[in-house]
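Peer 1: Below is the file upload.json, which contains JSON, C-alpha atoms.
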[["chain", "number", "residue", "atom", "x", "y", "z"],
["Y", 1, "MET", "CA", -46.00, -177.60, 134.85],
["Y", 2, "ILE", "CA", -48.87, -176.37, 137.00],
["Y", 3, "THR", "CA", -52.58, -176.03, 136.34],
["Y", 4, "ALA", "CA", -53.81, -172.55, 137.24],
["Y", 5, "LEU", "CA", -57.27, -171.02, 137.36],
["Y", 6, "VAL", "CA", -57.14, -167.26, 136.68],
["Y", 7, "VAL", "CA", -60.39, -165.45, 137.52],
["Y", 8, "GLY", "CA", -61.21, -162.20, 135.76],
["Y", 9, "ALA", "CA", -58.89, -162.92, 132.86],
["Y", 10, "ASP", "CA", -60.62, -160.80, 130.21],
["Y", 11, "LYS", "CA", -58.16, -157.90, 130.45],
["Y", 12, "GLY", "CA", -55.61, -156.05, 132.52],
["Y", 13, "ILE", "CA", -53.46, -157.80, 135.09],
["Y", 14, "ALA", "CA", -55.34, -161.11, 134.97],
["Y", 15, "ARG", "CA", -55.06, -161.23, 131.17],
["Y", 16, "SER", "CA", -51.31, -160.74, 131.51],
["Y", 17, "ILE", "CA", -51.05, -163.42, 134.19],
["Y", 18, "ALA", "CA", -52.92, -165.92, 132.04],
["Y", 19, "GLY", "CA", -50.71, -165.12, 129.06],
["Y", 20, "GLN", "CA", -47.47, -165.37, 131.00],
["Y", 21, "LEU", "CA", -48.35, -168.68, 132.63],
["Y", 22, "HIS", "CA", -49.45, -170.10, 129.29],
["Y", 23, "ALA", "CA", -46.26, -168.88, 127.60],
["Y", 24, "ARG", "CA", -44.05, -170.66, 130.12],
["Y", 25, "GLY", "CA", -45.88, -173.93, 129.54],
["Y", 26, "ASP", "CA", -48.39, -174.07, 132.35],
["Y", 27, "ARG", "CA", -51.98, -175.17, 131.84],
["Y", 28, "VAL", "CA", -54.23, -172.15, 132.28],
["Y", 29, "VAL", "CA", -57.98, -172.09, 132.75],
["Y", 30, "ALA", "CA", -59.18, -168.51, 132.27],
["Y", 31, "ALA", "CA", -62.48, -167.62, 133.91],
["Y", 32, "CYS", "CA", -63.78, -164.63, 131.95],
["Y", 33, "LEU", "CA", -66.72, -162.29, 132.42],
["Y", 34, "GLY", "CA", -67.03, -162.15, 128.62],
["Y", 35, "SER", "CA", -66.24, -164.69, 125.95],
["Y", 36, "GLY", "CA", -62.46, -164.78, 126.35],
["Y", 37, "ALA", "CA", -62.18, -165.28, 122.60],
["Y", 38, "ASP", "CA", -58.70, -163.74, 122.36],
["Y", 39, "LEU", "CA", -57.37, -166.07, 125.05],
["Y", 40, "ALA", "CA", -58.99, -169.07, 123.40],
["Y", 41, "ALA", "CA", -57.35, -168.07, 120.12],
["Y", 42, "ASP", "CA", -53.99, -168.20, 121.92],
["Y", 43, "GLY", "CA", -54.70, -171.73, 123.09],
["Y", 44, "VAL", "CA", -55.79, -170.93, 126.63],
["Y", 45, "GLU", "CA", -58.72, -172.91, 128.03],
["Y", 46, "VAL", "CA", -61.58, -170.50, 128.71],
["Y", 47, "VAL", "CA", -64.70, -170.69, 130.84],
["Y", 48, "PRO", "CA", -66.84, -167.73, 129.68],
["Y", 49, "ASP", "CA", -69.62, -165.76, 131.39],
["Y", 50, "VAL", "CA", -68.20, -166.06, 134.90],
["Y", 51, "ASP", "CA", -69.72, -163.22, 136.94],
["Y", 52, "VAL", "CA", -68.27, -163.53, 140.44],
["Y", 53, "THR", "CA", -71.35, -161.80, 141.90],
["Y", 54, "SER", "CA", -73.52, -164.69, 140.69],
["Y", 55, "GLY", "CA", -73.67, -167.90, 142.69],
["Y", 56, "GLU", "CA", -75.11, -169.66, 139.66],
["Y", 57, "ALA", "CA", -72.26, -168.52, 137.38],
["Y", 58, "VAL", "CA", -69.59, -169.54, 139.89],
["Y", 59, "ALA", "CA", -71.26, -172.91, 140.37],
["Y", 60, "ARG", "CA", -71.15, -173.38, 136.57],
["Y", 61, "LEU", "CA", -67.42, -172.62, 136.65],
["Y", 62, "ALA", "CA", -66.80, -175.23, 139.34],
["Y", 63, "GLN", "CA", -68.91, -177.78, 137.47],
["Y", 64, "ALA", "CA", -67.04, -177.11, 134.23],
["Y", 65, "LEU", "CA", -63.78, -177.85, 136.04],
["Y", 66, "ARG", "CA", -65.22, -181.04, 137.53],
["Y", 67, "ASP", "CA", -66.56, -182.15, 134.15],
["Y", 68, "GLU", "CA", -63.03, -181.87, 132.72],
["Y", 69, "GLN", "CA", -61.58, -183.54, 135.84],
["Y", 70, "ILE", "CA", -59.26, -180.57, 136.34],
["Y", 71, "ALA", "CA", -57.20, -180.52, 139.52],
["Y", 72, "LEU", "CA", -55.93, -177.04, 140.35],
["Y", 73, "ASP", "CA", -52.45, -176.26, 141.61],
["Y", 74, "TRP", "CA", -53.08, -172.51, 141.70],
["Y", 75, "VAL", "CA", -56.13, -170.28, 141.97],
["Y", 76, "LEU", "CA", -55.53, -166.60, 141.22],
["Y", 77, "HIS", "CA", -58.58, -164.42, 141.84],
["Y", 78, "VAL", "CA", -57.99, -161.06, 140.16],
["Y", 79, "ALA", "CA", -61.51, -159.88, 139.22],
["Y", 80, "GLY", "CA", -62.22, -156.54, 140.85],
["Y", 81, "VAL", "CA", -63.64, -153.07, 140.45],
["Y", 82, "LEU", "CA", -62.61, -149.58, 141.60],
["Y", 83, "GLY", "CA", -65.11, -146.83, 142.34],
["Y", 84, "LEU", "CA", -64.11, -143.51, 143.90],
["Y", 85, "ASP", "CA", -66.07, -141.62, 146.53],
["Y", 86, "THR", "CA", -65.68, -138.98, 149.23],
["Y", 87, "LEU", "CA", -67.35, -138.46, 152.59],
["Y", 88, "GLY", "CA", -70.64, -136.64, 152.10],
["Y", 89, "GLU", "CA", -71.09, -138.01, 148.56],
["Y", 90, "ILE", "CA", -71.12, -141.77, 149.10],
["Y", 91, "ASP", "CA", -73.31, -143.84, 146.78],
["Y", 92, "TYR", "CA", -74.33, -146.80, 148.94],
["Y", 93, "ASP", "CA", -75.51, -148.81, 145.96],
["Y", 94, "ASP", "CA", -71.96, -148.54, 144.65],
["Y", 95, "VAL", "CA", -70.59, -149.55, 148.07],
["Y", 96, "ARG", "CA", -72.67, -152.72, 147.80],
["Y", 97, "ARG", "CA", -71.50, -153.30, 144.23],
["Y", 98, "GLN", "CA", -67.84, -153.05, 145.20],
["Y", 99, "LEU", "CA", -68.36, -155.35, 148.19],
["Y", 100, "GLU", "CA", -70.09, -157.90, 145.96],
["Y", 101, "ILE", "CA", -67.23, -157.95, 143.45],
["Y", 102, "ASN", "CA", -64.13, -157.24, 145.54],
["Y", 103, "THR", "CA", -64.98, -159.02, 148.81],
["Y", 104, "ILE", "CA", -67.74, -161.57, 148.29],
["Y", 105, "GLY", "CA", -66.50, -162.43, 144.79],
["Y", 106, "PRO", "CA", -63.22, -164.06, 145.84],
["Y", 107, "LEU", "CA", -64.86, -165.77, 148.81],
["Y", 108, "ARG", "CA", -67.63, -167.21, 146.65],
["Y", 109, "THR", "CA", -65.22, -168.36, 143.96],
["Y", 110, "VAL", "CA", -62.55, -169.90, 146.17],
["Y", 111, "GLU", "CA", -65.17, -171.65, 148.29],
["Y", 112, "ALA", "CA", -66.66, -173.19, 145.13],
["Y", 113, "VAL", "CA", -63.38, -174.43, 143.68],
["Y", 114, "ALA", "CA", -61.50, -175.27, 146.89],
["Y", 115, "PRO", "CA", -62.40, -178.99, 146.65],
["Y", 116, "LEU", "CA", -60.62, -179.02, 143.27],
["Y", 117, "VAL", "CA", -57.39, -177.51, 144.60],
["Y", 118, "VAL", "CA", -54.74, -180.15, 145.23],
["Y", 119, "ASP", "CA", -53.34, -180.57, 148.71],
["Y", 120, "GLY", "CA", -50.28, -178.34, 148.84],
["Y", 121, "GLY", "CA", -51.77, -175.96, 146.26],
["Y", 122, "LYS", "CA", -51.74, -172.16, 146.26],
["Y", 123, "VAL", "CA", -54.39, -169.42, 146.31],
["Y", 124, "GLY", "CA", -53.72, -165.77, 145.52],
["Y", 125, "ILE", "CA", -56.33, -163.04, 145.95],
["Y", 126, "VAL", "CA", -55.51, -159.69, 144.37],
["Y", 127, "THR", "CA", -56.62, -156.97, 146.76],
["Y", 128, "SER", "CA", -54.94, -153.55, 147.20],
["Y", 129, "ARG", "CA", -52.74, -151.84, 149.74],
["Y", 130, "VAL", "CA", -55.51, -149.25, 150.16],
["Y", 131, "GLY", "CA", -57.29, -152.03, 152.05],
["Y", 132, "SER", "CA", -54.50, -152.05, 154.65],
["Y", 133, "LEU", "CA", -55.48, -150.53, 157.99],
["Y", 134, "GLY", "CA", -51.84, -149.98, 158.90],
["Y", 135, "ASP", "CA", -51.05, -148.25, 155.61],
["Y", 136, "ASN", "CA", -54.06, -145.90, 155.53],
["Y", 137, "THR", "CA", -52.66, -142.41, 156.03],
["Y", 138, "SER", "CA", -55.02, -140.38, 153.84],
["Y", 139, "GLY", "CA", -58.61, -141.63, 154.19],
["Y", 140, "GLY", "CA", -61.12, -141.33, 151.35],
["Y", 141, "MET", "CA", -62.20, -144.03, 148.88],
["Y", 142, "TYR", "CA", -64.57, -145.53, 151.44],
["Y", 143, "ALA", "CA", -66.18, -148.23, 149.32],
["Y", 144, "TYR", "CA", -62.95, -149.37, 147.72],
["Y", 145, "ARG", "CA", -60.96, -149.37, 150.96],
["Y", 146, "VAL", "CA", -63.66, -151.25, 152.86],
["Y", 147, "SER", "CA", -64.13, -153.82, 150.09],
["Y", 148, "LYS", "CA", -60.38, -154.47, 149.82],
["Y", 149, "ALA", "CA", -59.95, -154.65, 153.60],
["Y", 150, "GLY", "CA", -62.71, -157.25, 153.49],
["Y", 151, "ALA", "CA", -60.87, -159.13, 150.74],
["Y", 152, "ASN", "CA", -57.76, -159.15, 152.92],
["Y", 153, "MET", "CA", -59.77, -160.75, 155.72],
["Y", 154, "VAL", "CA", -61.12, -163.30, 153.26],
["Y", 155, "ALA", "CA", -57.55, -164.22, 152.32],
["Y", 156, "LEU", "CA", -56.42, -164.54, 155.93],
["Y", 157, "ASN", "CA", -59.45, -166.64, 156.84],
["Y", 158, "LEU", "CA", -58.84, -168.92, 153.86],
["Y", 159, "HIS", "CA", -55.23, -169.32, 154.99],
["Y", 160, "HIS", "CA", -56.43, -170.62, 158.34],
["Y", 161, "ASP", "CA", -59.15, -172.85, 156.90],
["Y", 162, "LEU", "CA", -57.09, -174.34, 154.05],
["Y", 163, "SER", "CA", -53.74, -174.70, 155.80],
["Y", 164, "GLY", "CA", -54.75, -178.11, 157.11],
["Y", 165, "ARG", "CA", -54.54, -179.35, 153.52],
["Y", 166, "GLY", "CA", -51.18, -177.65, 153.02],
["Y", 167, "ILE", "CA", -52.79, -175.00, 150.79],
["Y", 168, "SER", "CA", -50.98, -171.64, 151.00],
["Y", 169, "VAL", "CA", -52.83, -168.35, 150.60],
["Y", 170, "LEU", "CA", -51.65, -164.81, 149.88],
["Y", 171, "ALA", "CA", -53.40, -161.46, 149.66],
["Y", 172, "LEU", "CA", -51.66, -159.64, 146.82],
["Y", 173, "HIS", "CA", -51.13, -155.98, 145.96],
["Y", 174, "PRO", "CA", -50.24, -155.51, 142.28],
["Y", 175, "GLY", "CA", -48.70, -152.06, 142.63],
["Y", 176, "MET", "CA", -49.90, -148.91, 140.89],
["Y", 177, "VAL", "CA", -50.84, -150.38, 137.53],
["Y", 178, "ALA", "CA", -52.00, -148.49, 134.45],
["Y", 179, "THR", "CA", -55.33, -150.16, 133.64],
["Y", 180, "ASP", "CA", -58.90, -149.13, 132.90],
["Y", 181, "LEU", "CA", -59.56, -149.22, 136.66],
["Y", 182, "THR", "CA", -56.91, -146.63, 137.57],
["Y", 183, "LYS", "CA", -57.36, -144.08, 134.78],
["Y", 184, "ASP", "CA", -59.34, -141.78, 137.13],
["Y", 185, "TYR", "CA", -57.35, -142.58, 140.27],
["Y", 186, "PRO", "CA", -56.39, -139.41, 142.18],
["Y", 187, "GLY", "CA", -52.75, -138.45, 142.60],
["Y", 188, "ASP", "CA", -49.58, -138.59, 140.56],
["Y", 189, "PHE", "CA", -47.92, -141.99, 140.49],
["Y", 190, "ALA", "CA", -45.24, -143.83, 138.54],
["Y", 191, "TYR", "CA", -47.50, -146.49, 137.08],
["Y", 192, "ILE", "CA", -46.26, -149.91, 136.00],
["Y", 193, "THR", "CA", -47.74, -151.96, 133.16],
["Y", 194, "PRO", "CA", -50.08, -154.92, 133.60],
["Y", 195, "ASP", "CA", -47.30, -157.18, 132.30],
["Y", 196, "GLU", "CA", -44.89, -155.90, 134.96],
["Y", 197, "ALA", "CA", -47.46, -156.37, 137.72],
["Y", 198, "ALA", "CA", -48.34, -159.85, 136.45],
["Y", 199, "ALA", "CA", -44.70, -160.93, 136.43],
["Y", 200, "GLY", "CA", -44.31, -159.82, 140.05],
["Y", 201, "LEU", "CA", -47.49, -161.54, 141.19],
["Y", 202, "VAL", "CA", -46.54, -164.78, 139.45],
["Y", 203, "LYS", "CA", -43.15, -164.60, 141.19],
["Y", 204, "ASP", "CA", -44.91, -164.10, 144.54],
["Y", 205, "LEU", "CA", -46.97, -167.25, 143.92],
["Y", 206, "ASP", "CA", -43.93, -169.18, 142.71],
["Y", 207, "ASN", "CA", -42.21, -168.35, 146.00],
["Y", 208, "LEU", "CA", -45.27, -168.97, 148.20],
["Y", 209, "THR", "CA", -44.81, -171.69, 150.81],
["Y", 210, "PRO", "CA", -46.69, -172.73, 153.95],
["Y", 211, "GLU", "CA", -44.10, -170.72, 155.88],
["Y", 212, "ASN", "CA", -45.04, -167.38, 154.28],
["Y", 213, "SER", "CA", -48.72, -168.17, 153.75],
["Y", 214, "GLY", "CA", -51.33, -165.95, 155.35],
["Y", 215, "ARG", "CA", -49.59, -162.68, 154.53],
["Y", 216, "PHE", "CA", -50.13, -159.60, 152.36],
["Y", 217, "GLN", "CA", -47.53, -159.20, 149.63],
["Y", 218, "HIS", "CA", -46.68, -156.54, 147.05],
["Y", 219, "SER", "CA", -45.85, -157.57, 143.49],
["Y", 220, "ASN", "CA", -42.33, -156.29, 144.17],
["Y", 221, "GLY", "CA", -41.94, -159.03, 146.77],
["Y", 222, "THR", "CA", -42.18, -156.93, 149.94],
["Y", 223, "PHE", "CA", -44.76, -157.75, 152.61],
["Y", 224, "LEU", "CA", -47.36, -155.20, 153.64],
["Y", 225, "PRO", "CA", -49.11, -154.52, 156.98],
["Y", 226, "TRP", "CA", -52.69, -155.66, 157.38]]
Show the structure stored in the file as structure tokens.
Peer 2:
Amino acid sequence: MITALVVGADKGIARSIAGQLHARGDRVVAACLGSGADLAADGVEVVPDVDVTSGEAVARLAQALRDEQIALDWVLHVAGVLGLDTLGEIDYDDVRRQLEINTIGPLRTVEAVAPLVVDGGKVGIVTSRVGSLGDNTSGGMYAYRVSKAGANMVALNLHHDLSGRGISVLALHPGMVATDLTKDYPGDFAYITPDEAAAGLVKDLDNLTPENSGRFQHSNGTFLPW
């Protein structure tokens, strides 16, 4: 049994991850932007009102874990946002919003809880392959691409900084998942469900070792270019 912190667990992929880990017998602490009442009703431990753009809220999360003397085997940071834009019509307030949530959010959260992660633990940060420089063949989506590329750098930096404690870190791409975030996504894709994405991401973390730490992995198990 592991103890896992899942950040952004109110809905979508993170909700599925929390549910799947709980169902297999792991201890799950769900950090939720809202109340997380449905998770609590299922027996999952919930820390509510965790806004990853708020230093105060993230500090409360870390203190709640310390108060319960919770040692973390896994941290899965899934909280994120998707906003679409095109060159010539970029809303720079929205660029800042996406950077705050998608890039600074995981850095702020992992930094706050890192002292509670056991030596040899694992950290997964859900980003997106649209943040890959090597995979960008179409352009567009400036704010989202930049914020996810930044999240990838956060993951790689954390790999270097935490590897001395044997903590392994992955940047994770969930696949094209049918959620509230992707309902307006351009293009025609064969979407997978949040449960399917969650199962793949959990498998990626199960198979994460110091030897494959510091990489960018798809929920289907393949590795992606930075």
Peer 1: Measuring atom to atom with all atoms listed in the file, identify which of Y:Ile90, Y:Arg96, Y:Pro194, Y:Phe216 is nearest to Y:Met153.
Peer 2: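 Ranked by minimum distance to Y:Met153, first place goes to Y:Phe216.
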Peer 1: Just checking: using all atoms listed in the file, which residue out of Y:Asp119, Y:Asp93, Y:Asp51, Y:Asp135 ends up closest to Y:Pro210?
Peer 2: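 When distances to Y:Pro210 are compared using all atoms listed in the file, the smallest one comes from Y:Asp119.
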Peer 1: I'd like to know which of Y:Ser54, Y:Ala199, Y:Ala171, Y:Val110 is closest to Y:Arg24, using all atoms listed in the file.
Peer 2: Y:Ala199
Peer 1: Between atom CA of Y:Met1 and atom CA of Y:Ala71, what is the distance, to one decimal in Å?
Peer 2: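 A separation of 12.5 Å between them.
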Peer 1: Taking only C-alpha atoms into account, name the residue in Y:Lys122, Y:His160, Y:Arg165, Y:His22 that is nearest to Y:Thr209.
Peer 2: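 With only C-alpha atoms as the atom set, the closest residue is Y:Lys122.
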Peer 1: Which residue is closest to Y:Ala114? Choose from Y:Trp74, Y:Tyr92, Y:Tyr144, Y:Trp226 and count all atoms listed in the file.
Peer 2: Y:Trp74
Peer 1: Out of Y:Leu208, Y:Ala62, Y:Val29, Y:Leu99, which residue has the shortest atom-to-atom distance to Y:Ala151 when counting only C-alpha atoms?
Peer 2: Y:Leu99
Peer 1: Rounded to one decimal in Å, what is the spacing between atom CA of Y:Ala197 and atom CA of Y:Val78?
Peer 2: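 Between these atoms lies a distance of 11.8 Å.
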Peer 1: What does the structure give for the distance between atom CA of Y:Val75 and atom CA of Y:Gly134, in Å to one decimal?
Peer 2: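 So the two atoms, atom CA of Y:Val75 and atom CA of Y:Gly134, lie 26.8 Å apart.
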Peer 1: Residues within 7 Å of (-63.1, -145.7, 143.7), file coordinates, counting all atoms listed in the file: what are they? Give the list as a list in words.
Peer 2: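 It turns out the residues near that spot are Leu82, Gly83, Leu84, Asp85, Met141, Ala143 and Tyr144 of chain Y.
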Peer 1: Suppose we keep C-alpha atoms; can you now write the selection as a short mmCIF file (atom, residue, chain, number, x, y, z; two decimals), keeping the file's coordinate frame?
Peer 2:
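Below you can see result29.cif, which holds the result:
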data_model
loop_
_atom_site.label_atom_id
_atom_site.label_comp_id
_atom_site.auth_asym_id
_atom_site.auth_seq_id
_atom_site.Cartn_x
_atom_site.Cartn_y
_atom_site.Cartn_z
CA LEU Y 82 -62.61 -149.58 141.60
CA GLY Y 83 -65.11 -146.83 142.34
CA LEU Y 84 -64.11 -143.51 143.90
CA ASP Y 85 -66.07 -141.62 146.53
CA MET Y 141 -62.20 -144.03 148.88
CA ALA Y 143 -66.18 -148.23 149.32
CA TYR Y 144 -62.95 -149.37 147.72
#
Peer 1: Please return stretch 212-224 of chain Y, rebuilt to N, CA, C and O atoms, as a PDB file, in the frame of the given file.
Peer 2:
ATOM      1  N   ASN Y 212     -44.677-168.790 154.462  1.00  0.00           N
ATOM      2  CA  ASN Y 212     -45.040-167.380 154.280  1.00  0.00           C
ATOM      3  C   ASN Y 212     -46.500-167.208 153.865  1.00  0.00           C
ATOM      4  O   ASN Y 212     -46.912-166.133 153.448  1.00  0.00           O
ATOM      5  N   SER Y 213     -47.281-168.250 154.006  1.00  0.00           N
ATOM      6  CA  SER Y 213     -48.720-168.170 153.750  1.00  0.00           C
ATOM      7  C   SER Y 213     -49.400-167.286 154.793  1.00  0.00           C
ATOM      8  O   SER Y 213     -48.882-167.072 155.891  1.00  0.00           O
ATOM      9  N   GLY Y 214     -50.566-166.752 154.417  1.00  0.00           N
ATOM     10  CA  GLY Y 214     -51.330-165.950 155.350  1.00  0.00           C
ATOM     11  C   GLY Y 214     -50.787-164.548 155.526  1.00  0.00           C
ATOM     12  O   GLY Y 214     -50.945-163.933 156.586  1.00  0.00           O
ATOM     13  N   ARG Y 215     -50.150-164.023 154.472  1.00  0.00           N
ATOM     14  CA  ARG Y 215     -49.590-162.680 154.530  1.00  0.00           C
ATOM     15  C   ARG Y 215     -50.086-161.844 153.355  1.00  0.00           C
ATOM     16  O   ARG Y 215     -50.808-162.328 152.491  1.00  0.00           O
ATOM     17  N   PHE Y 216     -49.692-160.587 153.347  1.00  0.00           N
ATOM     18  CA  PHE Y 216     -50.130-159.600 152.360  1.00  0.00           C
ATOM     19  C   PHE Y 216     -48.880-159.125 151.642  1.00  0.00           C
ATOM     20  O   PHE Y 216     -48.007-158.513 152.251  1.00  0.00           O
ATOM     21  N   GLN Y 217     -48.779-159.428 150.337  1.00  0.00           N
ATOM     22  CA  GLN Y 217     -47.530-159.200 149.630  1.00  0.00           C
ATOM     23  C   GLN Y 217     -47.701-158.319 148.402  1.00  0.00           C
ATOM     24  O   GLN Y 217     -48.671-158.451 147.648  1.00  0.00           O
ATOM     25  N   HIS Y 218     -46.765-157.427 148.211  1.00  0.00           N
ATOM     26  CA  HIS Y 218     -46.680-156.540 147.050  1.00  0.00           C
ATOM     27  C   HIS Y 218     -46.103-157.330 145.868  1.00  0.00           C
ATOM     28  O   HIS Y 218     -45.339-158.283 146.062  1.00  0.00           O
ATOM     29  N   SER Y 219     -46.416-156.911 144.661  1.00  0.00           N
ATOM     30  CA  SER Y 219     -45.850-157.570 143.490  1.00  0.00           C
ATOM     31  C   SER Y 219     -44.334-157.402 143.403  1.00  0.00           C
ATOM     32  O   SER Y 219     -43.672-158.148 142.681  1.00  0.00           O
ATOM     33  N   ASN Y 220     -43.787-156.447 144.143  1.00  0.00           N
ATOM     34  CA  ASN Y 220     -42.330-156.290 144.170  1.00  0.00           C
ATOM     35  C   ASN Y 220     -41.667-157.219 145.177  1.00  0.00           C
ATOM     36  O   ASN Y 220     -40.447-157.165 145.371  1.00  0.00           O
ATOM     37  N   GLY Y 221     -42.469-158.039 145.853  1.00  0.00           N
ATOM     38  CA  GLY Y 221     -41.940-159.030 146.770  1.00  0.00           C
ATOM     39  C   GLY Y 221     -41.979-158.643 148.236  1.00  0.00           C
ATOM     40  O   GLY Y 221     -41.837-159.504 149.101  1.00  0.00           O
ATOM     41  N   THR Y 222     -42.152-157.353 148.543  1.00  0.00           N
ATOM     42  CA  THR Y 222     -42.180-156.930 149.940  1.00  0.00           C
ATOM     43  C   THR Y 222     -43.531-157.285 150.564  1.00  0.00           C
ATOM     44  O   THR Y 222     -44.554-157.385 149.874  1.00  0.00           O
ATOM     45  N   PHE Y 223     -43.519-157.462 151.892  1.00  0.00           N
ATOM     46  CA  PHE Y 223     -44.760-157.750 152.610  1.00  0.00           C
ATOM     47  C   PHE Y 223     -45.331-156.468 153.183  1.00  0.00           C
ATOM     48  O   PHE Y 223     -44.583-155.554 153.579  1.00  0.00           O
ATOM     49  N   LEU Y 224     -46.649-156.412 153.226  1.00  0.00           N
ATOM     50  CA  LEU Y 224     -47.360-155.200 153.640  1.00  0.00           C
ATOM     51  C   LEU Y 224     -48.092-155.440 154.965  1.00  0.00           C
ATOM     52  O   LEU Y 224     -48.461-156.571 155.282  1.00  0.00           O
TER      53      LEU Y 224
END
